[in-house]
file data-v9.txt (compact mmCIF, C-alpha atoms)
# COMPACT_ATOMS: atom_id res chain seq x y z
CA MET P 18 0.00 0.00 0.00
CA THR P 19 1.52 3.29 -1.10
CA LEU P 20 0.44 6.80 -0.16
CA ILE P 21 1.23 9.64 -2.53
CA THR P 22 0.97 13.41 -2.39
CA TYR P 23 0.28 14.98 -5.76
CA ASN P 24 -0.94 18.17 -7.38
CA SER P 25 -4.60 17.57 -8.15
CA LYS P 26 -4.42 19.79 -11.28
CA THR P 27 -1.19 18.60 -12.89
CA HIS P 28 -1.18 15.10 -11.35
CA LYS P 29 2.57 15.41 -10.70
CA VAL P 30 3.55 13.39 -7.63
CA ALA P 31 5.53 15.39 -5.07
CA PHE P 32 6.10 12.71 -2.42
CA ARG P 33 5.68 9.06 -1.69
CA MET P 34 4.71 8.22 1.88
CA LYS P 35 5.00 5.26 4.19
CA ALA P 36 1.87 3.16 4.36
CA ASN P 37 1.76 3.71 8.12
CA ALA P 38 1.90 7.53 7.88
CA THR P 39 -0.13 9.32 10.54
CA ASN P 40 -3.00 11.68 9.72
CA SER P 41 -0.89 14.67 10.74
CA GLU P 42 1.90 13.55 8.38
CA ILE P 43 -0.60 13.15 5.56
CA ASP P 44 -2.09 16.61 6.26
CA ALA P 45 1.39 18.18 6.39
CA ALA P 46 2.35 16.55 3.08
CA CYS P 47 -0.87 17.72 1.38
CA GLU P 48 -0.43 21.28 2.64
CA SER P 49 3.21 21.40 1.55
CA ILE P 50 2.39 21.67 -2.18
CA PRO P 51 -0.11 23.81 -4.12
CA ASN P 52 -3.36 21.97 -4.84
CA GLY P 53 -2.02 19.11 -2.76
CA PHE P 54 -3.97 15.88 -2.56
CA CYS P 55 -3.02 12.73 -0.64
CA ASP P 56 -4.39 9.28 -1.12
CA LYS P 57 -3.54 5.62 -1.23
CA LEU P 58 -2.90 4.40 -4.75
CA GLU P 59 -5.33 1.58 -4.09
CA ASN P 60 -8.16 4.12 -3.46
CA LEU P 61 -7.75 5.90 -6.81
CA THR P 62 -9.77 5.03 -9.88
CA LEU P 63 -8.13 3.50 -12.95
CA ALA P 64 -8.59 6.81 -14.77
CA GLU P 65 -6.86 8.74 -11.96
CA LEU P 66 -4.04 6.21 -11.86
CA ALA P 67 -3.55 6.56 -15.63
CA LYS P 68 -3.46 10.41 -15.36
CA ILE P 69 -0.90 10.27 -12.53
CA TYR P 70 1.15 7.66 -14.39
CA ASN P 71 1.21 9.71 -17.60
CA ALA P 72 2.07 12.94 -15.74
CA ASN P 73 5.07 11.32 -14.06
CA THR P 74 6.43 9.31 -16.99
CA SER P 75 6.86 9.89 -20.69
CA SER P 76 4.06 7.42 -21.40
CA ASP P 77 0.56 7.96 -22.72
CA VAL P 78 -1.45 5.18 -21.12
CA LYS P 79 -5.17 5.33 -21.89
CA LYS P 80 -6.26 2.59 -19.52
CA PHE P 81 -4.68 -0.08 -17.32
CA PRO P 82 -6.07 -3.62 -17.48
CA SER P 83 -6.48 -3.82 -13.69
CA LYS P 84 -6.01 -1.71 -10.60
CA ALA P 85 -3.37 -4.07 -9.21
CA TYR P 86 -1.35 -3.76 -12.41
CA ALA P 87 -1.76 0.05 -12.44
CA VAL P 88 -0.60 0.35 -8.82
CA GLU P 89 2.41 -1.89 -9.48
CA ARG P 90 3.46 0.07 -12.59
CA LEU P 91 2.99 3.43 -10.86
CA GLU P 92 4.99 2.37 -7.78
CA LYS P 93 7.87 1.24 -10.02
CA ALA P 94 7.72 4.44 -12.08
CA LEU P 95 7.77 6.65 -8.97
CA ALA P 96 10.70 4.72 -7.50
CA ALA P 97 12.59 4.93 -10.80
CA ALA P 98 11.90 8.67 -11.00
CA ASP P 99 13.39 9.09 -7.50
CA VAL P 100 10.24 10.70 -6.10
CA PRO P 101 11.27 11.41 -2.49
CA MET P 102 9.68 9.86 0.58
CA PHE P 103 7.91 12.27 2.92
CA GLU P 104 9.51 12.24 6.38
CA SER P 105 7.57 12.23 9.63
CA ALA P 106 8.49 15.70 10.90
CA GLY P 107 6.10 17.20 8.37
CA LYS P 108 8.99 18.06 6.08
CA PRO P 109 9.85 16.56 2.75
CA ALA P 110 12.65 14.04 2.68
CA LYS P 111 16.14 15.30 2.19
CA ALA P 112 17.25 15.27 -1.38
CA PRO P 113 19.33 12.21 -2.16
CA LYS P 114 23.03 12.81 -1.76
CA ALA P 115 24.88 13.50 -4.94
CA PRO P 116 27.35 10.79 -5.80
CA LYS P 117 30.83 11.54 -4.59
CA ALA P 118 33.19 12.89 -7.17
CA PRO P 119 35.87 10.42 -8.06
CA LYS P 120 39.11 10.98 -6.24
CA ALA P 121 41.85 12.64 -8.18
CA PRO P 122 44.47 10.16 -9.20
CA THR P 123 47.36 10.14 -6.82
CA GLU P 124 50.90 10.43 -7.97
CA PRO P 125 52.47 7.00 -8.27
CA ARG P 126 55.14 6.39 -5.72
CA ASN P 127 58.54 6.65 -7.24
CA SER P 128 59.99 3.35 -6.13
CA SER P 129 62.82 3.62 -8.64
CA LEU P 130 64.72 5.91 -6.24
CA ALA P 131 64.48 3.33 -3.45
CA ILE P 132 65.50 0.54 -5.81
CA ALA P 133 68.46 2.57 -7.10
CA LYS P 134 69.56 3.23 -3.52
CA SER P 135 69.30 -0.47 -2.62
CA TRP P 136 71.97 -1.27 -5.23
CA THR P 137 74.53 0.49 -3.02
CA ASP P 138 74.25 -2.34 -0.47
CA ALA P 139 77.07 -4.81 -1.32
CA ASN P 140 74.99 -7.91 -0.45
CA VAL P 141 72.05 -6.76 -2.57
CA PHE P 142 74.41 -5.93 -5.45
CA LYS P 143 76.03 -9.37 -5.29
CA ALA P 144 72.68 -11.21 -5.09
CA ARG P 145 71.24 -9.30 -8.03
CA THR P 146 74.25 -9.70 -10.28
CA THR P 147 74.87 -13.39 -9.55
CA ARG P 148 73.52 -15.50 -12.38
CA HIS P 149 72.66 -19.16 -12.05
CA VAL P 150 72.53 -21.86 -14.64
CA VAL P 151 70.89 -25.23 -14.19
CA THR P 152 71.99 -28.68 -15.07
CA VAL P 153 69.29 -31.24 -15.75
CA ASN P 154 70.37 -34.85 -16.22
CA LYS P 155 73.90 -33.71 -17.31
CA THR P 156 72.68 -31.02 -19.77
CA THR P 157 73.23 -27.35 -18.83
CA TYR P 158 70.63 -24.67 -19.50
CA GLY P 159 70.82 -20.90 -19.02
CA SER P 160 67.75 -20.84 -16.79
CA VAL P 161 65.03 -22.97 -15.27
CA ALA P 162 62.58 -21.53 -17.78
CA GLU P 163 64.83 -22.52 -20.69
CA ALA P 164 65.15 -26.06 -19.29
CA PHE P 165 61.38 -26.37 -18.87
CA ARG P 166 60.79 -25.17 -22.44
CA GLU P 167 63.41 -27.49 -23.95
CA LEU P 168 62.21 -30.51 -21.98
CA GLY P 169 58.51 -29.84 -22.65
CA LEU P 170 57.69 -29.40 -18.98
CA PRO P 171 54.68 -27.33 -17.80
CA MET P 172 55.74 -23.67 -17.86
CA GLY P 173 53.11 -22.77 -15.27
CA LYS P 174 55.18 -24.55 -12.61
CA HIS P 175 58.67 -23.30 -13.41
CA ILE P 176 58.69 -20.16 -11.23
CA VAL P 177 57.70 -21.91 -8.00
CA PHE P 178 60.12 -24.73 -8.82
CA ARG P 179 62.94 -22.22 -9.55
CA MET P 180 62.48 -20.56 -6.14
CA ALA P 181 62.66 -23.92 -4.36
CA LEU P 182 65.66 -24.97 -6.47
CA LYS P 183 67.58 -21.78 -5.63
CA ALA P 184 66.88 -22.32 -1.94
CA GLU P 185 67.87 -26.01 -1.92
CA GLY P 186 70.48 -26.13 -4.71
CA LYS P 187 69.22 -29.52 -5.98
CA LYS P 188 65.68 -30.64 -6.65
CA VAL P 189 63.85 -33.36 -8.58
CA PHE P 190 60.92 -32.44 -10.82
CA GLU P 191 58.54 -35.25 -11.79
CA HIS P 192 56.33 -35.04 -14.85
CA ASP P 193 54.49 -37.76 -16.78
CA GLY P 194 56.35 -40.46 -14.85
CA ASN P 195 59.80 -39.03 -15.67
CA LYS P 196 62.22 -37.65 -13.08
CA TYR P 197 64.36 -34.62 -13.91
CA ASN P 198 67.31 -33.96 -11.57
CA PHE P 199 67.90 -30.19 -11.43
CA THR P 200 71.07 -28.68 -9.98
CA ALA P 201 71.54 -24.91 -9.72
CA HIS P 202 75.03 -23.42 -9.78
CA GLN P 203 76.59 -20.05 -10.35
CA GLN P 204 77.38 -19.21 -13.91
CA GLU P 205 81.09 -19.04 -14.57
CA SER P 206 82.28 -15.66 -15.79
call {"tool": "encode", "arguments": {"input": "data-v9.txt", "output": "structure tokens"}}
result
Amino acid sequence: MTLITYNSKTHKVAFRMKANATNSEIDAACESIPNGFCDKLENLTLAELAKIYNANTSSDVKKFPSKAYAVERLEKALAAADVPMFESAGKPAKAPKAPKAPKAPTEPRNSSLAIAKSWTDANVFKARTTRHVVTVNKTTYGSVAEAFRELGLPMGKHIVFRMALKAEGKKVFEHDGNKYNFTAHQQES
């Protein structure tokens, strides 16, 4: 059950109201607009519902097939049109808040300065410049990725395997029933 306040001459709806609105709230809503009229949608005739519907939408409905259908369509149209709810203090509802403006993009942090500074640490420099090669079943490859490609192993697993191999130095990778013995060692200069 929906209560509405509308201009009885133009049929434009000013407010929607809670079904449990008090008589004083209904009176305040009616008096708040010129030619104000309040009623439950269910109490209006099909002709009145069509006039109100047409005045508040871009439609030109001549007649609704039933009152229930007319009430349902009008309730949806009023909700879609953001017709405000009338609040209990005898004042119209506050206008809906405008959406917040998107935040201005922030400057990206310049991590390159921190990375450049980290190269001055001797341990970091040595770790970053040390290159490893891998030997798999007596064949040497320039990287774990190269070995995986050449041997037809699943590339989706090479990064996790490489990290474990660097930590342990030696590791066995099993695929399709075959065992591949990987050994990581520093590349000779």
call {"tool": "residues_around", "arguments": {"input": "data-v9.txt", "residues": "Thr147 in chain P", "least_positions_apart": "2", "cutoff": "8 Å", "atoms": "all atoms listed in the file", "output": "JSON, numbers by chain"}}
result
{"P": [143, 144, 145, 149, 203, 204]}
call {"tool": "closest_residue", "arguments": {"input": "data-v9.txt", "among": "P:Ile69, P:Ala97, P:Leu170, P:Val151", "to": "His202 in chain P", "atoms": "all atoms listed in the file"}}
result
P:Val151
call {"tool": "atom_distance", "arguments": {"input": "data-v9.txt", "atom1": "CA of Ala87 in chain P", "atom2": "CA of His28 in chain P"}}
result
15.1 Å
call {"tool": "closest_residue", "arguments": {"input": "data-v9.txt", "among": "P:Lys134, P:Lys29, P:Lys93, P:Lys187", "to": "Thr200 in chain P", "atoms": "all atoms listed in the file"}}
result
P:Lys187
call {"tool": "closest_residue", "arguments": {"input": "data-v9.txt", "among": "P:Met34, P:Thr39, P:Thr27, P:Phe178", "to": "Tyr70 in chain P", "atoms": "all atoms listed in the file"}}
result
P:Thr27
call {"tool": "residues_around", "arguments": {"input": "data-v9.txt", "residues": "Ser83 in chain P", "least_positions_apart": "6", "cutoff": "12 Å", "atoms": "all atoms listed in the file", "output": "compact mmCIF listing (two decimals) with C-alpha atoms, in the frame of the given file"}}
result
# COMPACT_ATOMS: atom_id res chain seq x y z
CA GLU P 59 -5.33 1.58 -4.09
CA LEU P 61 -7.75 5.90 -6.81
CA THR P 62 -9.77 5.03 -9.88
CA LEU P 63 -8.13 3.50 -12.95
CA ALA P 64 -8.59 6.81 -14.77
CA LEU P 66 -4.04 6.21 -11.86
CA ALA P 67 -3.55 6.56 -15.63
CA GLU P 89 2.41 -1.89 -9.48
CA ARG P 90 3.46 0.07 -12.59
call {"tool": "atom_distance", "arguments": {"input": "data-v9.txt", "atom1": "CA of Arg179 in chain P", "atom2": "CA of Val161 in chain P"}}
result
6.1 Å
call {"tool": "closest_residue", "arguments": {"input": "data-v9.txt", "among": "P:Arg33, P:Phe81, P:Val141, P:Asn40", "to": "Ala98 in chain P", "atoms": "all atoms listed in the file"}}
result
P:Arg33
call {"tool": "residues_near_point", "arguments": {"input": "data-v9.txt", "point": "(66.5, -18.9, -12.6)", "cutoff": "10 Å", "atoms": "all atoms listed in the file", "output": "PyMOL selection string"}}
result
chain P and resi 148-151+158-164+175-176+178-180+182-183+201
call {"tool": "write_last_selection", "arguments": {"input": "data-v9.txt", "atoms": "C-alpha atoms", "output": "short mmCIF file (atom, residue, chain, number, x, y, z; two decimals), keeping the file's coordinate frame"}}
result
data_model
loop_
_atom_site.label_atom_id
_atom_site.label_comp_id
_atom_site.auth_asym_id
_atom_site.auth_seq_id
_atom_site.Cartn_x
_atom_site.Cartn_y
_atom_site.Cartn_z
CA ARG P 148 73.52 -15.50 -12.38
CA HIS P 149 72.66 -19.16 -12.05
CA VAL P 150 72.53 -21.86 -14.64
CA VAL P 151 70.89 -25.23 -14.19
CA TYR P 158 70.63 -24.67 -19.50
CA GLY P 159 70.82 -20.90 -19.02
CA SER P 160 67.75 -20.84 -16.79
CA VAL P 161 65.03 -22.97 -15.27
CA ALA P 162 62.58 -21.53 -17.78
CA GLU P 163 64.83 -22.52 -20.69
CA ALA P 164 65.15 -26.06 -19.29
CA HIS P 175 58.67 -23.30 -13.41
CA ILE P 176 58.69 -20.16 -11.23
CA PHE P 178 60.12 -24.73 -8.82
CA ARG P 179 62.94 -22.22 -9.55
CA MET P 180 62.48 -20.56 -6.14
CA LEU P 182 65.66 -24.97 -6.47
CA LYS P 183 67.58 -21.78 -5.63
CA ALA P 201 71.54 -24.91 -9.72
#
call {"tool": "atom_distance", "arguments": {"input": "data-v9.txt", "atom1": "CA of Ala184 in chain P", "atom2": "CA of Phe199 in chain P"}}
result
12.4 Å
call {"tool": "closest_residue", "arguments": {"input": "data-v9.txt", "among": "P:Val153, P:Val30, P:Leu168, P:Ala121", "to": "Glu92 in chain P", "atoms": "all atoms listed in the file"}}
result
P:Val30
call {"tool": "closest_residue", "arguments": {"input": "data-v9.txt", "among": "P:Thr74, P:Lys57, P:Ser41, P:Pro82", "to": "Ala96 in chain P", "atoms": "all atoms listed in the file"}}
result
P:Thr74
